[in-house]
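Report on the structure given below.
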Amino acid sequence: MSEIKNANDLAKIQLEGLRWTVRHVYENSPFYKRQFDKAGIRPDHIRDLEDLSKLPFTEAHHLREDYPFPLLSVPEEKVVRIHSSSGTTGKRKILSYTKRDVEDWTNFFARAYKMAGIGPKDRVQIAVGYGLWTAGAGFQAGCEKVGAMAIPVGPGNLELQCQFLVDLKPTCICCTSSMALLLGEEIRRRGLRDRIAIKTVIQGSERCSESMRRAILDHLGAEHLYDITGLTELYGPGPGIDCHLHQGIHYWADYYILEILDPQTLEPVEDGQIGEMVVTTLRKEASPLVRYRTRDLTRKISGPCPCGSIFPRHDRILGRSDDMIIFRGVNIYPGQIDEILSDIEGISSEYNVILERRNAKDHMKIKVERDVTGDLSYDDEIQSAIQRQIKNQIMVSVDVHIVDYGALPRSERKSKRIFDNR
Ligand code: ZN
């Protein structure tokens, strides 16, 4: 790909990629041909970027219905690999890759590592899942592409993680934020912080509050914590990452178009408002995405980043549209609770929200841990501060219970924090 110098170059690449994709899927994927015919759309109707809004949406259920090779838009002999998402219910989503898809993924993943300052002198402990998952394969390929030393430990196994952190002195660790916290707490407990060399944490795949970030950096003695985005359907991890200024996530707009839409109306939200990420790929051959509803919530950040990157930005992932809680008629995104709790002093990053129905009324209870050095005598004060902030910012009344540090469950993968028992 030629060098992208400005927004015009990017728009040109996007239009070419969009037109190529639309023609490619219409001619080669029976699924997309059906969808387009139903919507009365032909490839030559797409003349400029605004025409994107004419295209039909693609949703997760389409991928399951089209099992085992959904969206396949190339002859099978061009497919060199498949990956699959976890799929908690029913059939897994299986995504196919051509040789070029794998190369494209590797190239933009290398771009993500470079944005996080990782190069040939780094050693990268990769503590994410390998195998059918996209995570391990993506982190590994990108790491090798930038010339760093990959240490493919995989997830879990705290004993081995700690041993390698001390013995091999990796400068970067890649994992989920839950794993980073768990590992950080273990390093702290064992008093190993001065014997490890982690400078950079690259974390993906789940929401992480400001206070959890501070705890991870502090426990590991690291300088930077980067959020990398990822979605199996969109190659895997790597389609965006924040820069060293940490003012939003730069995304690779030369590989996909991002729309932020209201999850109910599917119309664009006002600039800067929270909405669902809807993506259209521009180069993907085997399983291209046309207006794919990711269910991830975020908002666009307008204006250029002071770092000088040409790539546009969106905010961190603020939750999933499926996780939106409707509580006494108010829409609440879990990310909003994260943000409020992160500004409260004296508590840890861990909390649970429990929703119950009593006497025909909804009740919300928040259990939150006292800080690691916490003092019990501040409990009442903290409790009312949380109640006040939640009332002010999301207009609901909650019961708050302060529990001991470490009392709430930790996870090596994604932490469950919302328990809806209604
Ligand atoms: Zn930047």
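FYI, nothing fancy with the structure tokens labels: chains A, B, ... in order, residues from 1 per chain, ligands from 1 as they appear.
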Original post:
Given a cut-off of 10 Å, what residues near ligand 1 show up using only C-alpha atoms and all ligand atoms, put as a list in words?
Top reply: Met115, Ile241, Asp242, Cys243, His244, Leu245, His246, Gln247, Gly248, Ile249, His250, Pro304, Cys305, Pro306, Cys307, Gly308, Ser309, Ile310, Phe311, Pro312 and Arg313 of chain A
Take the residues just selected and output them with N, CA, C and O atoms as a compact mmCIF listing (two decimals), in the first residue's frame.
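As a result, again_24.txt now contains:
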# COMPACT_ATOMS: atom_id res chain seq x y z
N MET A 115 3.22 1.31 17.08
CA MET A 115 2.59 2.44 17.76
C MET A 115 2.84 2.36 19.27
O MET A 115 2.93 3.38 19.95
N ILE A 241 -5.22 0.63 18.19
CA ILE A 241 -4.49 0.71 19.46
C ILE A 241 -4.30 2.19 19.79
O ILE A 241 -4.27 3.03 18.89
N ASP A 242 -4.16 2.51 21.08
CA ASP A 242 -3.88 3.91 21.42
C ASP A 242 -2.40 4.21 21.19
O ASP A 242 -1.57 3.30 21.12
N CYS A 243 -2.07 5.52 21.07
CA CYS A 243 -0.66 5.89 20.92
C CYS A 243 -0.10 6.22 22.31
O CYS A 243 -0.81 6.11 23.30
N HIS A 244 1.16 6.67 22.36
CA HIS A 244 1.79 6.92 23.66
C HIS A 244 1.13 8.04 24.46
O HIS A 244 1.38 8.20 25.64
N LEU A 245 0.26 8.82 23.80
CA LEU A 245 -0.44 9.89 24.52
C LEU A 245 -1.72 9.38 25.19
O LEU A 245 -2.31 10.08 26.02
N HIS A 246 -2.16 8.20 24.79
CA HIS A 246 -3.34 7.55 25.39
C HIS A 246 -4.57 8.45 25.39
O HIS A 246 -5.25 8.61 26.40
N GLN A 247 -4.82 9.07 24.25
CA GLN A 247 -6.01 9.93 24.13
C GLN A 247 -6.96 9.35 23.10
O GLN A 247 -7.42 10.03 22.20
N GLY A 248 -7.22 8.07 23.21
CA GLY A 248 -8.12 7.43 22.27
C GLY A 248 -7.38 6.41 21.43
O GLY A 248 -6.14 6.41 21.37
N ILE A 249 -8.15 5.55 20.76
CA ILE A 249 -7.57 4.46 19.99
C ILE A 249 -7.53 4.83 18.51
O ILE A 249 -8.56 5.18 17.92
N HIS A 250 -6.33 4.79 17.94
CA HIS A 250 -6.19 4.99 16.50
C HIS A 250 -6.62 3.71 15.81
O HIS A 250 -6.20 2.63 16.22
N PRO A 304 -7.47 16.00 14.99
CA PRO A 304 -6.21 15.25 14.89
C PRO A 304 -5.62 14.98 16.27
O PRO A 304 -5.82 15.76 17.19
N CYS A 305 -4.92 13.87 16.42
CA CYS A 305 -4.24 13.54 17.67
C CYS A 305 -2.92 14.32 17.71
O CYS A 305 -2.23 14.41 16.70
N PRO A 306 -2.55 14.85 18.87
CA PRO A 306 -1.27 15.57 18.97
C PRO A 306 -0.05 14.72 18.58
O PRO A 306 1.01 15.27 18.30
N CYS A 307 -0.21 13.40 18.52
CA CYS A 307 0.94 12.55 18.15
C CYS A 307 1.27 12.67 16.66
O CYS A 307 2.32 12.24 16.21
N GLY A 308 0.32 13.21 15.89
CA GLY A 308 0.58 13.42 14.47
C GLY A 308 0.14 12.29 13.56
O GLY A 308 0.25 12.40 12.34
N SER A 309 -0.39 11.21 14.13
CA SER A 309 -0.82 10.08 13.29
C SER A 309 -2.00 10.51 12.43
O SER A 309 -2.89 11.24 12.88
N ILE A 310 -2.03 10.02 11.21
CA ILE A 310 -3.11 10.32 10.28
C ILE A 310 -4.35 9.48 10.60
O ILE A 310 -5.46 9.79 10.19
N PHE A 311 -4.16 8.41 11.36
CA PHE A 311 -5.28 7.49 11.59
C PHE A 311 -6.27 8.06 12.61
O PHE A 311 -5.88 8.53 13.67
N PRO A 312 -7.57 8.01 12.26
CA PRO A 312 -8.59 8.58 13.14
C PRO A 312 -8.71 7.79 14.45
O PRO A 312 -8.13 6.72 14.58
N ARG A 313 -9.47 8.36 15.40
CA ARG A 313 -9.55 7.73 16.72
C ARG A 313 -10.98 7.48 17.16
O ARG A 313 -11.90 8.21 16.79
Subject >> Residue contacts of Lys367 in chain A (6 Å, only C-alpha atoms) excluding same-chain residues fewer than 3 positions away, as a list in words >> reply: Tyr351, Asn352, Val400, His401 and Ile402 of chain A
Subject >> Nearest candidate to Ala385 in chain A (options A:Val166, A:Ile354, A:Val102, A:Ile344; using only C-alpha atoms) >> reply: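 The closest residue to Ala385 in chain A is A:Ile344.
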**OP:** Could you please determine the separation between CA of Val278 in chain A and CA of Ile257 in chain A in Å, to one decimal place?
**Re:** 8.2 Å
Can you list every residue in range 215-377 of chain A that DSSP puts in alpha helix (DSSP H), as a compact mmCIF listing (two decimals) with N, CA, C and O atoms, in the first residue's frame?
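Writing the result to part.txt gives the following:
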# COMPACT_ATOMS: atom_id res chain seq x y z
N ALA A 215 -3.60 0.39 38.88
CA ALA A 215 -3.15 -0.75 39.69
C ALA A 215 -2.20 -1.64 38.88
O ALA A 215 -1.14 -2.05 39.37
N ILE A 216 -2.54 -1.91 37.62
CA ILE A 216 -1.70 -2.78 36.77
C ILE A 216 -0.31 -2.17 36.58
O ILE A 216 0.71 -2.83 36.78
N LEU A 217 -0.28 -0.88 36.21
CA LEU A 217 1.01 -0.21 35.99
C LEU A 217 1.85 -0.21 37.26
O LEU A 217 3.05 -0.48 37.23
N ASP A 218 1.20 0.07 38.38
CA ASP A 218 1.91 0.16 39.65
C ASP A 218 2.46 -1.21 40.08
O ASP A 218 3.63 -1.34 40.43
N HIS A 219 1.62 -2.24 40.02
CA HIS A 219 2.06 -3.58 40.45
C HIS A 219 3.22 -4.09 39.60
O HIS A 219 4.13 -4.75 40.08
N LEU A 220 3.18 -3.80 38.29
CA LEU A 220 4.21 -4.33 37.39
C LEU A 220 5.39 -3.37 37.22
O LEU A 220 6.40 -3.71 36.61
N PRO A 334 -22.35 -0.49 31.26
CA PRO A 334 -21.40 -0.82 32.34
C PRO A 334 -20.20 0.12 32.39
O PRO A 334 -19.71 0.44 33.47
N GLY A 335 -19.75 0.61 31.24
CA GLY A 335 -18.62 1.54 31.19
C GLY A 335 -18.85 2.81 32.00
O GLY A 335 -17.92 3.40 32.53
N GLN A 336 -20.11 3.21 32.10
CA GLN A 336 -20.41 4.41 32.88
C GLN A 336 -20.13 4.17 34.36
O GLN A 336 -19.67 5.05 35.07
N ILE A 337 -20.44 2.96 34.84
CA ILE A 337 -20.18 2.63 36.25
C ILE A 337 -18.67 2.58 36.50
O ILE A 337 -18.18 3.11 37.49
N ASP A 338 -17.93 1.98 35.56
CA ASP A 338 -16.45 1.98 35.64
C ASP A 338 -15.92 3.39 35.84
O ASP A 338 -15.06 3.64 36.66
N GLU A 339 -16.41 4.31 34.97
CA GLU A 339 -15.87 5.67 34.99
C GLU A 339 -16.14 6.35 36.32
O GLU A 339 -15.27 7.02 36.86
N ILE A 340 -17.33 6.15 36.86
CA ILE A 340 -17.68 6.79 38.14
C ILE A 340 -16.81 6.23 39.27
O ILE A 340 -16.21 6.98 40.04
N LEU A 341 -16.71 4.90 39.33
CA LEU A 341 -15.95 4.29 40.43
C LEU A 341 -14.46 4.64 40.36
O LEU A 341 -13.79 4.74 41.38
N SER A 342 -13.96 4.83 39.14
CA SER A 342 -12.53 5.14 38.99
C SER A 342 -12.16 6.48 39.62
O SER A 342 -11.01 6.71 39.95
Original post:
Looking at only C-alpha atoms, which of A:Gly117, A:Gly204, A:Gly221, A:Pro263 is the one that sits closest to Met324 in chain A?
Top reply: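 Using only C-alpha atoms, the shortest distance to Met324 in chain A belongs to A:Pro263.
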**OP:** List the neighbours of Asp322 in chain A out to 10 Å using only C-alpha atoms; skip same-chain residues closer than 5 positions along the sequence, and give me the result as a PyMOL selection string.
**Re:** chain A and resi 263+295-297+333
Hey, can you spit out that residue selection with all heavy atoms as a compact mmCIF listing (two decimals), in the first residue's frame?
# COMPACT_ATOMS: atom_id res chain seq x y z
N PRO A 263 -27.75 1.82 18.51
CA PRO A 263 -28.10 0.40 18.39
C PRO A 263 -29.60 0.14 18.19
O PRO A 263 -29.98 -0.91 17.68
CB PRO A 263 -27.62 -0.22 19.71
CG PRO A 263 -27.19 0.88 20.59
CD PRO A 263 -27.11 2.14 19.77
N ARG A 295 -21.63 -4.95 18.03
CA ARG A 295 -22.22 -4.87 19.39
C ARG A 295 -21.31 -4.14 20.37
O ARG A 295 -21.69 -3.94 21.51
CB ARG A 295 -22.59 -6.24 19.96
CG ARG A 295 -23.46 -7.08 19.05
CD ARG A 295 -24.92 -6.66 19.14
NE ARG A 295 -25.67 -7.17 17.99
CZ ARG A 295 -26.97 -6.97 17.82
NH1 ARG A 295 -27.65 -6.27 18.69
NH2 ARG A 295 -27.57 -7.43 16.74
N ASP A 296 -20.10 -3.78 19.95
CA ASP A 296 -19.22 -3.02 20.85
C ASP A 296 -19.62 -1.55 20.82
O ASP A 296 -19.95 -1.01 19.77
CB ASP A 296 -17.75 -3.13 20.40
CG ASP A 296 -17.14 -4.45 20.83
OD1 ASP A 296 -17.57 -4.99 21.87
OD2 ASP A 296 -16.23 -4.93 20.13
N LEU A 297 -19.57 -0.93 21.99
CA LEU A 297 -19.96 0.46 22.10
C LEU A 297 -18.75 1.36 22.28
O LEU A 297 -17.85 1.04 23.04
CB LEU A 297 -20.84 0.65 23.34
CG LEU A 297 -22.15 -0.12 23.36
CD1 LEU A 297 -22.75 -0.07 24.76
CD2 LEU A 297 -23.13 0.45 22.35
N TYR A 333 -24.86 1.88 30.57
CA TYR A 333 -23.79 1.06 30.02
C TYR A 333 -22.80 0.77 31.14
O TYR A 333 -22.45 1.66 31.91
CB TYR A 333 -23.07 1.81 28.90
CG TYR A 333 -23.96 2.14 27.72
CD1 TYR A 333 -24.23 3.44 27.35
CD2 TYR A 333 -24.53 1.10 26.98
CE1 TYR A 333 -25.04 3.73 26.26
CE2 TYR A 333 -25.35 1.38 25.91
CZ TYR A 333 -25.61 2.69 25.55
OH TYR A 333 -26.41 2.97 24.48
Original post:
Which distance in Å separates CA of Asn28 in chain A and CA of Glu276 in chain A, to one decimal?
Top reply: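 Straight-line distance from CA of Asn28 in chain A to CA of Glu276 in chain A works out to 28.1 Å.
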**OP:** Determine the nearest neighbour of Lys391 in chain A from the options A:Ser178, A:Met212, A:Val330, A:Leu18, counting only C-alpha atoms.
**Re:** A:Val330
Original post:
Please, what distance in Å, to one decimal, runs between CA of Leu71 in chain A and CA of Val269 in chain A?
Top reply: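 These atoms are spaced 27.7 Å apart.
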As a CSV table (one decimal) with C-alpha atoms, in the first residue's frame, please: every residue in range 367-415 of chain A that DSSP puts in strand (DSSP E).
chain,number,residue,atom,x,y,z
A,367,LYS,CA,-20.3,-4.4,46.0
A,368,VAL,CA,-16.9,-2.7,45.9
A,369,GLU,CA,-13.6,-3.6,47.4
A,370,ARG,CA,-11.7,-1.4,49.8
A,399,ASP,CA,-27.1,0.3,47.8
A,400,VAL,CA,-23.4,0.2,48.2
A,401,HIS,CA,-21.5,-2.4,50.2
A,402,ILE,CA,-17.8,-2.1,50.9
A,403,VAL,CA,-16.0,-5.4,51.1
Original post:
With only C-alpha atoms as the basis for distance, which of A:Pro70, A:Pro30, A:Gly138, A:Gly191 is at the shortest distance from Leu231 in chain A?
Top reply: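 Among A:Pro70, A:Pro30, A:Gly138, A:Gly191, it is A:Gly138 that comes nearest to Leu231 in chain A.
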**OP:** May I have the residues within 8 Å of Ile202 in chain A as a PyMOL selection string, using only C-alpha atoms and disregarding those fewer than 6 positions away in the same chain?
**Re:** chain A and resi 116+172-175+225-228
Subject >> Distance query Gly136 in chain A at most 9 Å, only C-alpha atoms, self and fewer than 5 positions along chain excluded, as a list of chain:residue names >> reply: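 Near neighbours after the sequence-gap exclusion: A:Ile126, A:Ala127, A:Val128, A:Gly129, A:Tyr130, A:Gly131, A:Ala141, A:Pro152, A:Gly154.
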Written file, previous selection with N, CA and C atoms, as a tab-separated table (two decimals), in the first residue's frame:
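selection-v2.tsv, freshly written:
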chain	number	residue	atom	x	y	z
A	126	ILE	N	3.76	-13.28	25.42
A	126	ILE	CA	2.40	-13.30	24.87
A	126	ILE	C	1.55	-14.25	25.70
A	127	ALA	N	0.72	-13.66	26.57
A	127	ALA	CA	-0.05	-14.45	27.53
A	127	ALA	C	-1.53	-14.47	27.17
A	128	VAL	N	-1.79	-14.75	25.90
A	128	VAL	CA	-3.18	-14.85	25.43
A	128	VAL	C	-3.40	-16.23	24.83
A	129	GLY	N	-4.66	-16.58	24.54
A	129	GLY	CA	-4.99	-17.92	24.07
A	129	GLY	C	-4.48	-18.21	22.67
A	130	TYR	N	-3.90	-19.38	22.51
A	130	TYR	CA	-3.46	-19.85	21.19
A	130	TYR	C	-4.46	-20.91	20.70
A	131	GLY	N	-4.35	-21.29	19.45
A	131	GLY	CA	-5.20	-22.35	18.93
A	131	GLY	C	-6.26	-21.78	18.01
A	141	ALA	N	2.31	-13.23	15.17
A	141	ALA	CA	2.73	-12.84	13.82
A	141	ALA	C	3.19	-11.39	13.79
A	152	PRO	N	5.92	-17.17	23.58
A	152	PRO	CA	4.51	-17.57	23.50
A	152	PRO	C	4.05	-18.43	24.68
A	154	GLY	N	1.19	-18.21	26.40
A	154	GLY	CA	-0.23	-18.53	26.45
A	154	GLY	C	-0.84	-18.03	27.75
**OP:** Compile the contact shell of Leu165 in chain A as a ChimeraX atom specification: residues with an atom at most 12 Å away, counting only C-alpha atoms, same-chain residues fewer than 4 positions apart removed.
**Re:** /A:123-127,151,153,158-161,169-173,183-184,186-187,192-199,220
Subject >> Shell of 10 Å around range 414-418 of chain A, only C-alpha atoms, local chain residues under 5 positions omitted, as number ranges by chain >> reply: A: 176-179, 205-207, 323, 325, 334, 350-355, 366-367, 408-409
Now that the selection is made, can you save its residues with C-alpha atoms as a short mmCIF file (atom, residue, chain, number, x, y, z; two decimals), in the first residue's frame?
data_model
loop_
_atom_site.label_atom_id
_atom_site.label_comp_id
_atom_site.auth_asym_id
_atom_site.auth_seq_id
_atom_site.Cartn_x
_atom_site.Cartn_y
_atom_site.Cartn_z
CA THR A 176 -6.32 -9.36 28.96
CA SER A 177 -6.65 -6.66 31.61
CA SER A 178 -8.01 -9.25 34.09
CA MET A 179 -4.86 -11.31 33.56
CA SER A 205 -10.50 -7.74 24.66
CA GLU A 206 -12.20 -6.21 27.66
CA ARG A 207 -13.15 -3.01 29.31
CA ASP A 323 -24.79 -5.57 28.14
CA ILE A 325 -28.84 -2.49 31.49
CA PRO A 334 -21.40 -0.82 32.34
CA GLU A 350 -12.95 -4.56 41.47
CA TYR A 351 -16.70 -4.32 41.86
CA ASN A 352 -19.92 -6.27 41.24
CA VAL A 353 -23.28 -4.85 40.28
CA ILE A 354 -26.23 -6.97 41.41
CA LEU A 355 -29.71 -6.26 40.04
CA ILE A 366 -22.90 -2.40 44.13
CA LYS A 367 -20.28 -4.38 46.00
CA LEU A 408 -14.43 -10.37 44.92
CA PRO A 409 -13.49 -13.10 42.43
#
Original post:
Nearest to Asp343 in chain A among A:Asp315, A:Glu210, A:Asp380, A:Glu267, with distances taken over only C-alpha atoms: which residue is it?
Top reply: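 Among A:Asp315, A:Glu210, A:Asp380, A:Glu267, it is A:Glu210 that comes nearest to Asp343 in chain A.
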**OP:** Rank A:Leu182, A:Gln14, A:Lys91, A:Thr21 by their smallest atom-to-atom distance to Trp252 in chain A, using only C-alpha atoms, and report the top residue only.
**Re:**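 Checking each candidate against Trp252 in chain A, we get A:Gln14 as the closest.
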